[in-house]
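J.: Compact mmCIF, C-alpha atoms, file coords-v8.txt:
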# COMPACT_ATOMS: atom_id res chain seq x y z
CA MET Z 1 -22.99 16.68 -40.15
CA PHE Z 2 -26.43 17.01 -41.64
CA ASP Z 3 -27.51 13.88 -39.82
CA LEU Z 4 -26.39 15.46 -36.58
CA PHE Z 5 -28.26 18.61 -37.46
CA ALA Z 6 -31.38 16.59 -38.17
CA LYS Z 7 -31.03 14.73 -34.88
CA VAL Z 8 -30.42 17.83 -32.77
CA PHE Z 9 -33.45 19.52 -34.17
CA GLY Z 10 -35.42 16.30 -34.06
CA ARG Z 11 -37.02 16.25 -37.45
CA ASP Z 12 -39.78 13.81 -36.64
CA ASP Z 13 -41.72 15.14 -39.57
CA ALA Z 14 -39.06 13.90 -42.01
CA SER Z 15 -41.07 12.02 -44.59
CA LYS Z 16 -38.70 9.06 -44.61
CA GLU Z 17 -39.68 8.29 -41.01
CA VAL Z 18 -43.29 8.14 -42.13
CA ALA Z 19 -42.30 5.87 -45.00
CA LYS Z 20 -40.37 3.55 -42.68
CA GLU Z 21 -43.19 3.29 -40.16
CA ARG Z 22 -45.77 2.56 -42.86
CA LEU Z 23 -43.48 -0.02 -44.43
CA ARG Z 24 -42.82 -1.66 -41.09
CA LEU Z 25 -46.52 -2.24 -40.55
CA VAL Z 26 -47.40 -3.28 -44.06
CA LEU Z 27 -44.47 -5.71 -44.26
CA VAL Z 28 -45.50 -7.46 -41.07
CA HIS Z 29 -48.79 -8.30 -42.74
CA ASP Z 30 -47.19 -9.13 -46.09
CA ARG Z 31 -44.64 -11.44 -44.49
CA ALA Z 32 -47.23 -13.26 -42.44
CA SER Z 33 -49.41 -13.51 -45.56
CA LEU Z 34 -52.26 -12.17 -43.47
CA SER Z 35 -54.44 -9.30 -44.57
CA PRO Z 36 -55.91 -6.94 -41.97
CA GLN Z 37 -59.23 -8.69 -42.66
CA ALA Z 38 -57.70 -12.10 -41.94
CA LEU Z 39 -56.25 -10.76 -38.71
CA GLU Z 40 -59.72 -9.52 -37.75
CA ASP Z 41 -61.16 -12.98 -38.50
CA LEU Z 42 -58.46 -14.59 -36.39
CA LYS Z 43 -59.29 -12.23 -33.56
CA ASN Z 44 -62.97 -13.09 -33.74
CA ASP Z 45 -62.25 -16.83 -33.76
CA LEU Z 46 -59.93 -16.48 -30.77
CA LEU Z 47 -62.60 -14.52 -28.96
CA LYS Z 48 -65.17 -17.23 -29.63
CA VAL Z 49 -62.96 -20.05 -28.36
CA ILE Z 50 -61.70 -18.27 -25.27
CA SER Z 51 -65.21 -17.07 -24.41
CA GLU Z 52 -66.19 -20.69 -23.81
CA TYR Z 53 -63.85 -20.70 -20.83
CA MET Z 54 -63.72 -17.12 -19.68
CA ASP Z 55 -65.68 -13.93 -19.72
CA ILE Z 56 -63.58 -11.55 -21.81
CA ASP Z 57 -63.68 -7.80 -22.09
CA ASP Z 58 -63.92 -7.70 -25.89
CA GLN Z 59 -63.41 -3.93 -26.02
CA GLY Z 60 -59.91 -4.29 -24.62
CA PHE Z 61 -59.10 -7.39 -26.68
CA ARG Z 62 -56.02 -6.82 -28.87
CA VAL Z 63 -54.26 -9.13 -31.30
CA ASP Z 64 -51.23 -7.96 -33.21
CA PHE Z 65 -47.95 -8.95 -34.69
CA SER Z 66 -44.83 -7.96 -32.90
CA ARG Z 67 -41.42 -8.04 -34.49
CA HIS Z 68 -38.03 -8.34 -32.82
CA ASP Z 69 -35.18 -8.27 -35.33
CA ASP Z 70 -35.81 -11.30 -37.53
CA ALA Z 71 -38.38 -13.05 -35.37
CA MET Z 72 -42.07 -12.36 -35.36
CA ALA Z 73 -44.69 -13.15 -32.74
CA LEU Z 74 -48.43 -12.98 -32.52
CA VAL Z 75 -49.24 -11.13 -29.34
CA ALA Z 76 -52.71 -11.18 -27.83
CA ASN Z 77 -53.80 -9.02 -24.94
CA ILE Z 78 -57.00 -10.44 -23.49
CA PRO Z 79 -58.49 -8.72 -20.45
CA ILE Z 80 -60.54 -11.20 -18.39
CA ARG Z 81 -63.68 -10.20 -16.52
CA SER Z 82 -64.17 -13.55 -14.82
CA VAL Z 83 -63.33 -17.20 -15.25
CA LYS Z 84 -66.27 -19.46 -15.82
CA ARG Z 85 -66.73 -22.22 -13.33
CA LYS Z 86 -66.56 -25.55 -15.06
CA SER Z 87 -69.71 -27.52 -14.57
CA LEU Z 88 -69.11 -31.08 -13.59
CA MET U 89 -18.80 -23.70 -65.48
CA GLY U 90 -20.15 -20.17 -65.24
CA GLU U 91 -22.55 -18.53 -62.87
CA ALA U 92 -26.16 -17.56 -63.64
CA ILE U 93 -27.44 -14.40 -61.97
CA VAL U 94 -31.02 -13.18 -62.17
CA ILE U 95 -31.77 -9.45 -61.82
CA THR U 96 -35.23 -8.96 -60.38
CA SER U 97 -37.34 -6.50 -58.37
CA GLY U 98 -41.04 -7.22 -58.23
CA LYS U 99 -42.01 -3.67 -59.11
CA GLY U 100 -41.56 -2.44 -62.66
CA GLY U 101 -39.57 0.61 -63.64
CA VAL U 102 -36.96 0.47 -60.90
CA GLY U 103 -34.06 -0.27 -63.25
CA LYS U 104 -33.72 -4.03 -63.74
CA THR U 105 -32.93 -3.79 -67.43
CA THR U 106 -30.49 -0.88 -67.01
CA THR U 107 -28.80 -2.79 -64.19
CA THR U 108 -28.53 -5.95 -66.29
CA ALA U 109 -27.09 -4.05 -69.27
CA ASN U 110 -24.53 -2.21 -67.16
CA ILE U 111 -23.36 -5.16 -65.10
CA GLY U 112 -23.14 -7.25 -68.26
CA ALA U 113 -21.14 -4.64 -70.14
CA GLY U 114 -18.94 -4.05 -67.08
CA LEU U 115 -18.14 -7.75 -66.69
CA ALA U 116 -17.39 -8.03 -70.41
CA LYS U 117 -15.08 -5.01 -70.14
CA GLN U 118 -13.21 -6.91 -67.43
CA GLY U 119 -12.58 -9.66 -69.96
CA LYS U 120 -15.31 -12.06 -68.84
CA LYS U 121 -17.41 -14.02 -71.30
CA VAL U 122 -20.95 -12.82 -70.68
CA ALA U 123 -24.41 -13.66 -72.02
CA LEU U 124 -27.47 -11.55 -71.25
CA ILE U 125 -30.90 -13.15 -71.41
CA ASP U 126 -33.98 -10.96 -71.75
CA ALA U 127 -36.61 -13.02 -69.94
CA ASP U 128 -39.32 -10.41 -70.36
CA ILE U 129 -41.16 -12.23 -73.12
CA GLY U 130 -43.69 -9.97 -74.85
CA LEU U 131 -42.14 -6.76 -73.49
CA ARG U 132 -38.52 -6.98 -74.52
CA ASN U 133 -36.31 -4.00 -73.81
CA LEU U 134 -32.81 -5.19 -73.04
CA ASP U 135 -32.14 -5.07 -76.80
CA VAL U 136 -32.87 -1.32 -77.06
CA VAL U 137 -31.05 -0.48 -73.83
CA MET U 138 -28.01 -2.29 -75.24
CA GLY U 139 -28.44 -0.69 -78.67
CA LEU U 140 -28.77 -4.09 -80.36
CA GLU U 141 -32.41 -3.90 -81.47
CA ASN U 142 -31.61 -3.89 -85.18
CA ARG U 143 -29.69 -7.12 -85.11
CA ILE U 144 -32.31 -9.53 -83.80
CA VAL U 145 -32.99 -12.55 -86.00
CA TYR U 146 -34.02 -15.27 -83.57
CA ASP U 147 -35.11 -15.06 -79.95
CA LEU U 148 -35.35 -17.04 -76.72
CA VAL U 149 -38.61 -18.76 -77.66
CA ASP U 150 -37.18 -19.80 -81.04
CA VAL U 151 -34.31 -21.48 -79.20
CA VAL U 152 -36.50 -23.15 -76.58
CA GLU U 153 -38.84 -24.48 -79.25
CA GLY U 154 -35.91 -25.81 -81.27
CA PHE U 155 -36.62 -23.51 -84.18
CA ALA U 156 -33.18 -21.90 -83.94
CA LYS U 157 -29.83 -22.93 -82.51
CA LEU U 158 -28.60 -20.99 -79.49
CA LYS U 159 -25.49 -19.83 -81.33
CA HIS U 160 -27.63 -18.40 -84.12
CA ALA U 161 -29.94 -16.54 -81.75
CA LEU U 162 -27.16 -14.97 -79.66
CA ILE U 163 -26.33 -11.45 -80.83
CA LYS U 164 -22.71 -10.48 -80.43
CA ASP U 165 -22.14 -7.00 -79.09
CA LYS U 166 -19.37 -5.71 -81.37
CA ARG U 167 -18.16 -3.16 -78.82
CA PHE U 168 -16.91 -5.95 -76.58
CA GLU U 169 -14.79 -9.00 -77.07
CA ASN U 170 -17.18 -11.35 -75.31
CA LEU U 171 -20.65 -9.98 -74.77
CA TYR U 172 -23.77 -11.62 -76.17
CA LEU U 173 -27.52 -11.03 -75.93
CA LEU U 174 -30.31 -13.56 -76.18
CA PRO U 175 -33.36 -11.39 -76.88
CA ALA U 176 -36.89 -12.12 -75.70
CA ALA U 177 -39.67 -12.88 -78.15
CA GLN U 178 -41.88 -9.87 -78.69
CA THR U 179 -44.94 -11.53 -80.21
CA ARG U 180 -45.38 -14.26 -77.60
CA ASP U 181 -46.19 -14.22 -73.90
CA LYS U 182 -44.65 -15.62 -70.72
CA THR U 183 -46.42 -18.98 -71.06
CA ALA U 184 -44.40 -19.76 -74.21
CA VAL U 185 -41.58 -20.96 -71.94
CA SER U 186 -41.59 -23.15 -68.82
CA PRO U 187 -39.26 -22.95 -65.81
CA GLU U 188 -37.84 -26.39 -66.76
CA GLN U 189 -36.99 -25.17 -70.25
CA MET U 190 -35.33 -22.07 -68.82
CA ARG U 191 -33.31 -24.20 -66.40
CA ASP U 192 -32.06 -26.35 -69.27
CA LEU U 193 -31.23 -23.35 -71.44
CA VAL U 194 -29.37 -21.50 -68.69
CA GLY U 195 -27.53 -24.68 -67.74
CA GLN U 196 -26.41 -25.09 -71.32
CA MET U 197 -25.27 -21.45 -71.51
CA LYS U 198 -23.33 -21.69 -68.25
CA GLU U 199 -21.06 -24.23 -69.89
CA GLU U 200 -19.98 -21.67 -72.43
CA PHE U 201 -20.06 -18.38 -70.51
CA ASP U 202 -18.46 -17.08 -67.30
CA TYR U 203 -21.64 -15.18 -66.49
CA VAL U 204 -25.23 -15.60 -67.64
CA LEU U 205 -27.29 -12.58 -66.56
CA ILE U 206 -31.06 -12.97 -66.67
CA ASP U 207 -33.21 -9.83 -66.85
CA SER U 208 -36.45 -10.72 -65.08
CA PRO U 209 -39.82 -9.20 -65.94
CA ALA U 210 -41.72 -7.28 -63.26
CA GLY U 211 -44.29 -9.22 -61.25
CA ILE U 212 -44.29 -12.52 -59.39
CA GLU U 213 -46.06 -14.71 -61.93
CA GLN U 214 -44.79 -17.10 -64.56
CA GLY U 215 -42.31 -14.67 -66.12
CA PHE U 216 -40.59 -14.24 -62.76
CA LYS U 217 -40.63 -17.98 -62.13
CA ASN U 218 -39.06 -18.57 -65.54
CA ALA U 219 -36.38 -15.96 -64.91
CA VAL U 220 -35.28 -17.35 -61.55
CA ALA U 221 -35.53 -21.03 -62.51
CA GLY U 222 -31.97 -21.45 -63.75
CA ALA U 223 -30.27 -18.82 -61.61
CA ASP U 224 -27.60 -19.55 -59.01
CA LYS U 225 -27.74 -16.09 -57.52
CA ALA U 226 -30.31 -13.28 -57.40
CA LEU U 227 -29.84 -9.52 -57.36
CA VAL U 228 -32.85 -7.55 -56.15
CA VAL U 229 -33.06 -3.98 -57.45
CA ALA U 230 -35.02 -1.51 -55.31
CA THR U 231 -35.40 2.25 -55.25
CA PRO U 232 -35.85 4.11 -51.93
CA GLU U 233 -39.64 4.29 -52.24
CA VAL U 234 -42.30 2.47 -50.22
CA SER U 235 -43.80 0.67 -53.22
CA SER U 236 -40.46 -0.58 -54.47
CA VAL U 237 -39.26 -1.68 -51.01
CA ARG U 238 -42.51 -3.49 -50.34
CA ASP U 239 -42.32 -5.39 -53.62
CA ALA U 240 -38.64 -6.14 -53.07
CA ASP U 241 -39.53 -7.66 -49.69
CA ARG U 242 -42.10 -9.88 -51.37
CA ILE U 243 -39.59 -11.00 -53.99
CA ILE U 244 -36.98 -11.74 -51.32
CA GLY U 245 -39.56 -13.91 -49.52
CA LEU U 246 -40.33 -15.81 -52.72
CA LEU U 247 -36.64 -16.32 -53.52
CA GLU U 248 -35.97 -17.62 -50.03
CA ALA U 249 -38.95 -19.96 -50.24
CA GLN U 250 -37.43 -21.41 -53.41
CA GLU U 251 -34.25 -22.08 -51.48
CA LYS U 252 -32.21 -19.87 -53.75
CA HIS U 253 -29.11 -18.37 -52.28
CA ARG U 254 -29.92 -15.39 -50.15
CA PRO U 255 -30.38 -12.54 -52.63
CA PHE U 256 -28.25 -9.40 -52.79
CA LEU U 257 -29.62 -5.88 -52.83
CA ILE U 258 -28.88 -3.10 -55.30
CA ILE U 259 -30.28 0.25 -54.21
CA ASN U 260 -31.02 2.26 -57.32
CA ARG U 261 -31.67 5.93 -58.03
CA ILE U 262 -30.86 7.24 -54.58
CA ARG U 263 -30.67 11.02 -54.25
CA ALA U 264 -28.15 12.31 -51.72
CA SER U 265 -29.83 15.72 -51.41
CA MET U 266 -33.17 14.17 -50.42
CA VAL U 267 -31.52 11.68 -48.07
CA LYS U 268 -29.81 14.56 -46.28
CA LYS U 269 -33.11 16.34 -45.80
CA GLY U 270 -34.65 13.18 -44.37
CA ASP U 271 -37.05 12.94 -47.29
CA MET U 272 -35.66 9.73 -48.73
CA MET U 273 -34.78 6.45 -47.06
CA ASP U 274 -31.03 5.97 -46.88
CA ILE U 275 -28.90 2.89 -47.38
CA ASP U 276 -29.11 1.82 -43.72
CA ASP U 277 -32.90 2.22 -43.63
CA MET U 278 -33.30 -0.07 -46.62
CA ILE U 279 -30.89 -2.72 -45.34
CA GLU U 280 -32.62 -2.67 -41.97
CA ILE U 281 -36.03 -3.19 -43.53
CA LEU U 282 -35.09 -5.77 -46.15
CA ALA U 283 -32.43 -7.56 -44.09
CA ILE U 284 -30.31 -8.72 -47.01
CA GLU U 285 -26.73 -8.13 -48.02
CA LEU U 286 -25.98 -4.99 -50.00
CA LEU U 287 -24.15 -5.34 -53.30
CA GLY U 288 -24.21 -1.74 -54.45
CA VAL U 289 -25.79 1.69 -54.43
CA VAL U 290 -26.43 3.52 -57.68
CA PRO U 291 -27.17 7.26 -57.47
CA GLU U 292 -29.80 8.95 -59.58
CA ASP U 293 -27.93 10.16 -62.64
CA GLU U 294 -29.06 11.95 -65.79
CA ALA U 295 -26.27 10.17 -67.65
CA ILE U 296 -28.42 7.02 -67.48
CA VAL U 297 -31.14 8.67 -69.56
CA VAL U 298 -28.57 9.90 -72.06
CA SER U 299 -26.85 6.53 -72.31
CA THR U 300 -30.18 4.74 -72.73
CA ASN U 301 -31.11 7.22 -75.48
CA ARG U 302 -27.93 6.25 -77.28
CA GLY U 303 -28.00 2.53 -76.45
CA GLU U 304 -24.59 2.69 -74.78
CA PRO U 305 -24.31 1.37 -71.21
CA ALA U 306 -23.30 4.09 -68.70
CA VAL U 307 -20.78 1.75 -67.10
CA LEU U 308 -18.42 2.79 -69.91
CA ASN U 309 -18.84 6.49 -69.13
CA LEU U 310 -16.02 7.48 -66.80
CA GLN U 311 -17.71 10.79 -65.95
CA SER U 312 -20.96 9.18 -64.77
CA LYS U 313 -21.52 8.57 -61.05
CA ALA U 314 -23.96 5.77 -61.85
CA GLY U 315 -21.36 4.33 -64.21
CA GLU U 316 -18.84 4.30 -61.37
CA ALA U 317 -21.37 2.59 -59.10
CA TYR U 318 -21.91 -0.13 -61.72
CA ARG U 319 -18.16 -0.59 -62.13
CA ASN U 320 -17.94 -1.09 -58.36
CA ILE U 321 -20.76 -3.65 -58.44
CA VAL U 322 -18.95 -5.55 -61.17
CA ARG U 323 -15.76 -5.64 -59.09
CA ARG U 324 -17.70 -6.90 -56.05
CA LEU U 325 -19.29 -9.67 -58.14
CA GLU U 326 -15.75 -10.64 -59.08
CA GLY U 327 -14.95 -11.03 -55.40
CA GLU U 328 -13.11 -7.77 -54.85
CA GLU U 329 -13.72 -5.73 -51.71
CA VAL U 330 -14.77 -2.28 -52.85
CA PRO U 331 -15.95 0.34 -50.33
CA MET U 332 -19.37 1.89 -50.96
CA MET U 333 -19.10 5.07 -53.00
CA LYS U 334 -19.69 8.29 -51.12
CA LEU U 335 -22.92 9.89 -52.25
CA GLU U 336 -22.32 13.40 -53.45
CA ASP U 337 -25.05 15.88 -52.75
CA GLU U 338 -25.56 17.14 -56.25
CA SER U 339 -27.36 20.34 -55.36
CA ARG U 340 -24.52 21.36 -53.05
CA PHE U 341 -21.99 20.27 -55.60
CA MET U 342 -23.64 22.39 -58.29
CA TYR U 343 -23.87 25.27 -55.85
CA LYS U 344 -20.15 25.07 -55.09
CA LEU U 345 -19.38 24.77 -58.77
CA ARG U 346 -21.45 27.82 -59.62
CA LYS U 347 -19.87 29.76 -56.80
CA MET U 348 -16.44 28.78 -58.02
CA MET U 349 -17.30 30.02 -61.47
CA GLY U 350 -18.50 33.32 -60.06
CA PHE U 351 -22.26 32.83 -60.26
CA LYS U 352 -23.89 33.33 -56.91
CA GLY U 353 -27.12 31.79 -55.70
Would you put the structure from the file into structure tokens?

T.:
Amino acid sequence: MFDLFAKVFGRDDASKEVAKERLRLVLVHDRASLSPQALEDLKNDLLKVISEYMDIDDQGFRVDFSRHDDAMALVANIPIRSVKRKSL
Amino acid sequence: MGEAIVITSGKGGVGKTTTTANIGAGLAKQGKKVALIDADIGLRNLDVVMGLENRIVYDLVDVVEGFAKLKHALIKDKRFENLYLLPAAQTRDKTAVSPEQMRDLVGQMKEEFDYVLIDSPAGIEQGFKNAVAGADKALVVATPEVSSVRDADRIIGLLEAQEKHRPFLIINRIRASMVKKGDMMDIDDMIEILAIELLGVVPEDEAIVVSTNRGEPAVLNLQSKAGEAYRNIVRRLEGEEVPMMKLEDESRFMYKLRKMMGFKG
């Protein structure tokens, strides 16, 4: 009954929702044993390697974990400006 | 051959020792032969929670080092037919015992007892490793708070890495009134996040403070909601199917009670 009430009036400010969202993010890092700093390092390394082949828009470059149920994936979104022509 | 169960949590202060004492007393009440091991060397507390602090002669480290026989170190709880406590050493630290020694000790105790319950210290270091070394099963205690859930998740990861059986969750100190307002994570939220099987839910209950003051486990108190929750957990450990207790909103309950008695507001 109270749940229904909460849903109808859409209590998005309920503090447990904040707790769950914060936990969701922090646990992704904990479970992958990667700190935000390590993720940043990974991103920079990726950028370096891919830049040898392509011209990347590093402002739009995103690397993040994505979780679906029990599985986790590393998802990179890498906008390309142009592909470098391989010299023979 | 008995079963060894470790009670752990990662974070301190979430109720490991209280849980161990109550499950132990509950199982003993059911006629099982039970031994409790306080694995929190240097910070022992299971003895005071059980009300057995005045009867300690030898401790876990004395036994492991061969200074005392197990049967001489075990304290018999006179309130029960078959409940014993192996206290932790207070003047030593976690490095006084190795995981191998704990495995041997627990293995030896399993031959004599139906259940060996191991109260783990907080943390993920040697004390934790000692506590889980000999266990067949793990119970993870967590309260509905971000810090506790985060640490529980870490512990679950470590237990799974050690190829222990998948641990079971005990949600402790949940408050129905806050859950209803959306200001506390509920049972489903916690199961969704931690993704392990639920063994029981223990409501916040002042009777726990009172029973700890007296050194008498709340599981024996038929009026206590937490006591009832522990009795249910004990029955589930014994293989019985017991539905989860309905959480009573205490503030509403008190309100109704007051109204019934003629006090308004």

J.: With a distance threshold of 6 Å and counting only C-alpha atoms, extract the residues of chain Z near chain U and express them as a PyMOL selection string.

T.: chain Z and resi 14-16

J.: Tell me, as a short mmCIF file (atom, residue, chain, number, x, y, z; two decimals) with C-alpha atoms, in the coordinates of the input, which residues lie within 12 Å of Val63 (chain Z), counting all atoms listed in the file; anything in the same chain fewer than 5 positions away does not count.

T.:
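Writing done, so here's around-v4.cif:
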data_model
loop_
_atom_site.label_atom_id
_atom_site.label_comp_id
_atom_site.auth_asym_id
_atom_site.auth_seq_id
_atom_site.Cartn_x
_atom_site.Cartn_y
_atom_site.Cartn_z
CA PRO Z 36 -55.91 -6.94 -41.97
CA ALA Z 38 -57.70 -12.10 -41.94
CA LEU Z 39 -56.25 -10.76 -38.71
CA GLU Z 40 -59.72 -9.52 -37.75
CA ASP Z 41 -61.16 -12.98 -38.50
CA LEU Z 42 -58.46 -14.59 -36.39
CA LYS Z 43 -59.29 -12.23 -33.56
CA ASN Z 44 -62.97 -13.09 -33.74
CA ASP Z 45 -62.25 -16.83 -33.76
CA LEU Z 46 -59.93 -16.48 -30.77
CA LEU Z 47 -62.60 -14.52 -28.96
CA ASP Z 58 -63.92 -7.70 -25.89
CA ALA Z 73 -44.69 -13.15 -32.74
CA LEU Z 74 -48.43 -12.98 -32.52
CA VAL Z 75 -49.24 -11.13 -29.34
CA ALA Z 76 -52.71 -11.18 -27.83
CA ASN Z 77 -53.80 -9.02 -24.94
CA ILE Z 78 -57.00 -10.44 -23.49
CA PRO Z 79 -58.49 -8.72 -20.45
#

J.: Considering all atoms listed in the file, state which residue in the set U:Arg323, U:Asn142, U:Ser299, U:Asp276 is at the smallest distance from Lys20 (chain Z).

T.: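 Going through U:Arg323, U:Asn142, U:Ser299, U:Asp276 one by one, the smallest distance to Lys20 (chain Z) is for U:Asp276.
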
J.: Please list as a list in words every residue within 6 Å of region 208-224 of chain U, counting all atoms listed in the file and excluding residues in the same chain fewer than 2 positions away.

T.: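 What passes the distance filter is Ala92, Ile93, Val94, Ile95, Thr96, Gly98, Lys99, Gly100, Ala127, Asp128, Lys182, Pro187, Arg191 and Val194 of chain U.
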
J.: In the coordinate frame of the file, compute which residues have an atom within 12 Å of (-26.4, -10.2, -82.1) when using all atoms listed in the file, and state them as number ranges by chain.

T.: U: 123-125, 135, 138-147, 158-168, 170-175

J.: Just to confirm, what's the straight-line distance from CA of Asn110 (chain U) to CA of Ala306 (chain U) in Å (one decimal)?

T.: 6.6 Å

J.: Mind pulling up the distance from CA of Lys120 (chain U) to CA of Ala314 (chain U)?

T.: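 CA of Lys120 (chain U) lies at a distance of 21.0 Å from CA of Ala314 (chain U).
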
J.: Counting all atoms listed in the file, which of U:Ala317, U:Ala240, U:Leu193, U:Leu308 gets nearest to Ile279 (chain U)?

T.: U:Ala240

J.: Just to confirm, what's the straight-line distance from CA of Glu153 (chain U) to CA of Met89 (chain U) in Å (one decimal)?

T.: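 Separation between CA of Glu153 (chain U) and CA of Met89 (chain U): 24.3 Å.
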
J.: Considering all atoms listed in the file, can you say which of Z:Gly60, Z:Ser66, Z:Ala32, Z:Asp55 comes closest to Ile80 (chain Z)?

T.: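 Ranked by minimum distance to Ile80 (chain Z), first place goes to Z:Asp55.
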
J.: With N, CA, C and O atoms as the target, complete region 32-49 of chain Z and hand it back as a short mmCIF file (atom, residue, chain, number, x, y, z; two decimals), in the frame of the given file.

T.:
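File produced: part-v1.cif:
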data_model
loop_
_atom_site.label_atom_id
_atom_site.label_comp_id
_atom_site.auth_asym_id
_atom_site.auth_seq_id
_atom_site.Cartn_x
_atom_site.Cartn_y
_atom_site.Cartn_z
N ALA Z 32 -46.43 -12.22 -43.09
CA ALA Z 32 -47.23 -13.26 -42.44
C ALA Z 32 -48.32 -13.76 -43.38
O ALA Z 32 -49.11 -14.62 -43.03
N SER Z 33 -48.35 -13.21 -44.59
CA SER Z 33 -49.41 -13.51 -45.56
C SER Z 33 -50.79 -13.38 -44.94
O SER Z 33 -51.67 -14.19 -45.17
N LEU Z 34 -50.96 -12.39 -44.10
CA LEU Z 34 -52.26 -12.17 -43.47
C LEU Z 34 -52.73 -10.75 -43.78
O LEU Z 34 -52.00 -9.80 -43.54
N SER Z 35 -53.90 -10.62 -44.31
CA SER Z 35 -54.44 -9.30 -44.57
C SER Z 35 -55.04 -8.77 -43.26
O SER Z 35 -55.30 -9.54 -42.35
N PRO Z 36 -55.26 -7.47 -43.16
CA PRO Z 36 -55.91 -6.94 -41.97
C PRO Z 36 -57.26 -7.62 -41.71
O PRO Z 36 -57.64 -7.87 -40.56
N GLN Z 37 -57.95 -7.99 -42.80
CA GLN Z 37 -59.23 -8.69 -42.66
C GLN Z 37 -59.03 -10.07 -42.02
O GLN Z 37 -59.78 -10.48 -41.12
N ALA Z 38 -57.98 -10.77 -42.49
CA ALA Z 38 -57.70 -12.10 -41.94
C ALA Z 38 -57.35 -12.00 -40.46
O ALA Z 38 -57.73 -12.86 -39.66
N LEU Z 39 -56.62 -10.95 -40.11
CA LEU Z 39 -56.25 -10.76 -38.71
C LEU Z 39 -57.51 -10.52 -37.87
O LEU Z 39 -57.64 -11.03 -36.75
N GLU Z 40 -58.44 -9.79 -38.43
CA GLU Z 40 -59.72 -9.52 -37.75
C GLU Z 40 -60.50 -10.83 -37.57
O GLU Z 40 -61.06 -11.08 -36.49
N ASP Z 41 -60.49 -11.68 -38.59
CA ASP Z 41 -61.16 -12.98 -38.50
C ASP Z 41 -60.53 -13.84 -37.41
O ASP Z 41 -61.22 -14.49 -36.63
N LEU Z 42 -59.19 -13.83 -37.41
CA LEU Z 42 -58.46 -14.59 -36.39
C LEU Z 42 -58.85 -14.12 -34.99
O LEU Z 42 -59.10 -14.93 -34.09
N LYS Z 43 -58.94 -12.82 -34.85
CA LYS Z 43 -59.29 -12.23 -33.56
C LYS Z 43 -60.69 -12.69 -33.12
O LYS Z 43 -60.89 -13.10 -31.97
N ASN Z 44 -61.60 -12.67 -34.06
CA ASN Z 44 -62.97 -13.09 -33.74
C ASN Z 44 -63.05 -14.57 -33.36
O ASN Z 44 -63.78 -14.95 -32.44
N ASP Z 45 -62.28 -15.40 -34.07
CA ASP Z 45 -62.25 -16.83 -33.76
C ASP Z 45 -61.66 -17.08 -32.37
O ASP Z 45 -62.18 -17.89 -31.60
N LEU Z 46 -60.56 -16.36 -32.10
CA LEU Z 46 -59.93 -16.48 -30.77
C LEU Z 46 -60.94 -16.12 -29.68
O LEU Z 46 -61.08 -16.82 -28.68
N LEU Z 47 -61.62 -15.02 -29.92
CA LEU Z 47 -62.60 -14.52 -28.96
C LEU Z 47 -63.67 -15.57 -28.67
O LEU Z 47 -64.05 -15.82 -27.53
N LYS Z 48 -64.12 -16.22 -29.75
CA LYS Z 48 -65.17 -17.23 -29.63
C LYS Z 48 -64.70 -18.41 -28.77
O LYS Z 48 -65.40 -18.86 -27.87
N VAL Z 49 -63.50 -18.89 -29.08
CA VAL Z 49 -62.96 -20.05 -28.36
C VAL Z 49 -62.73 -19.72 -26.89
O VAL Z 49 -63.16 -20.46 -25.99
#
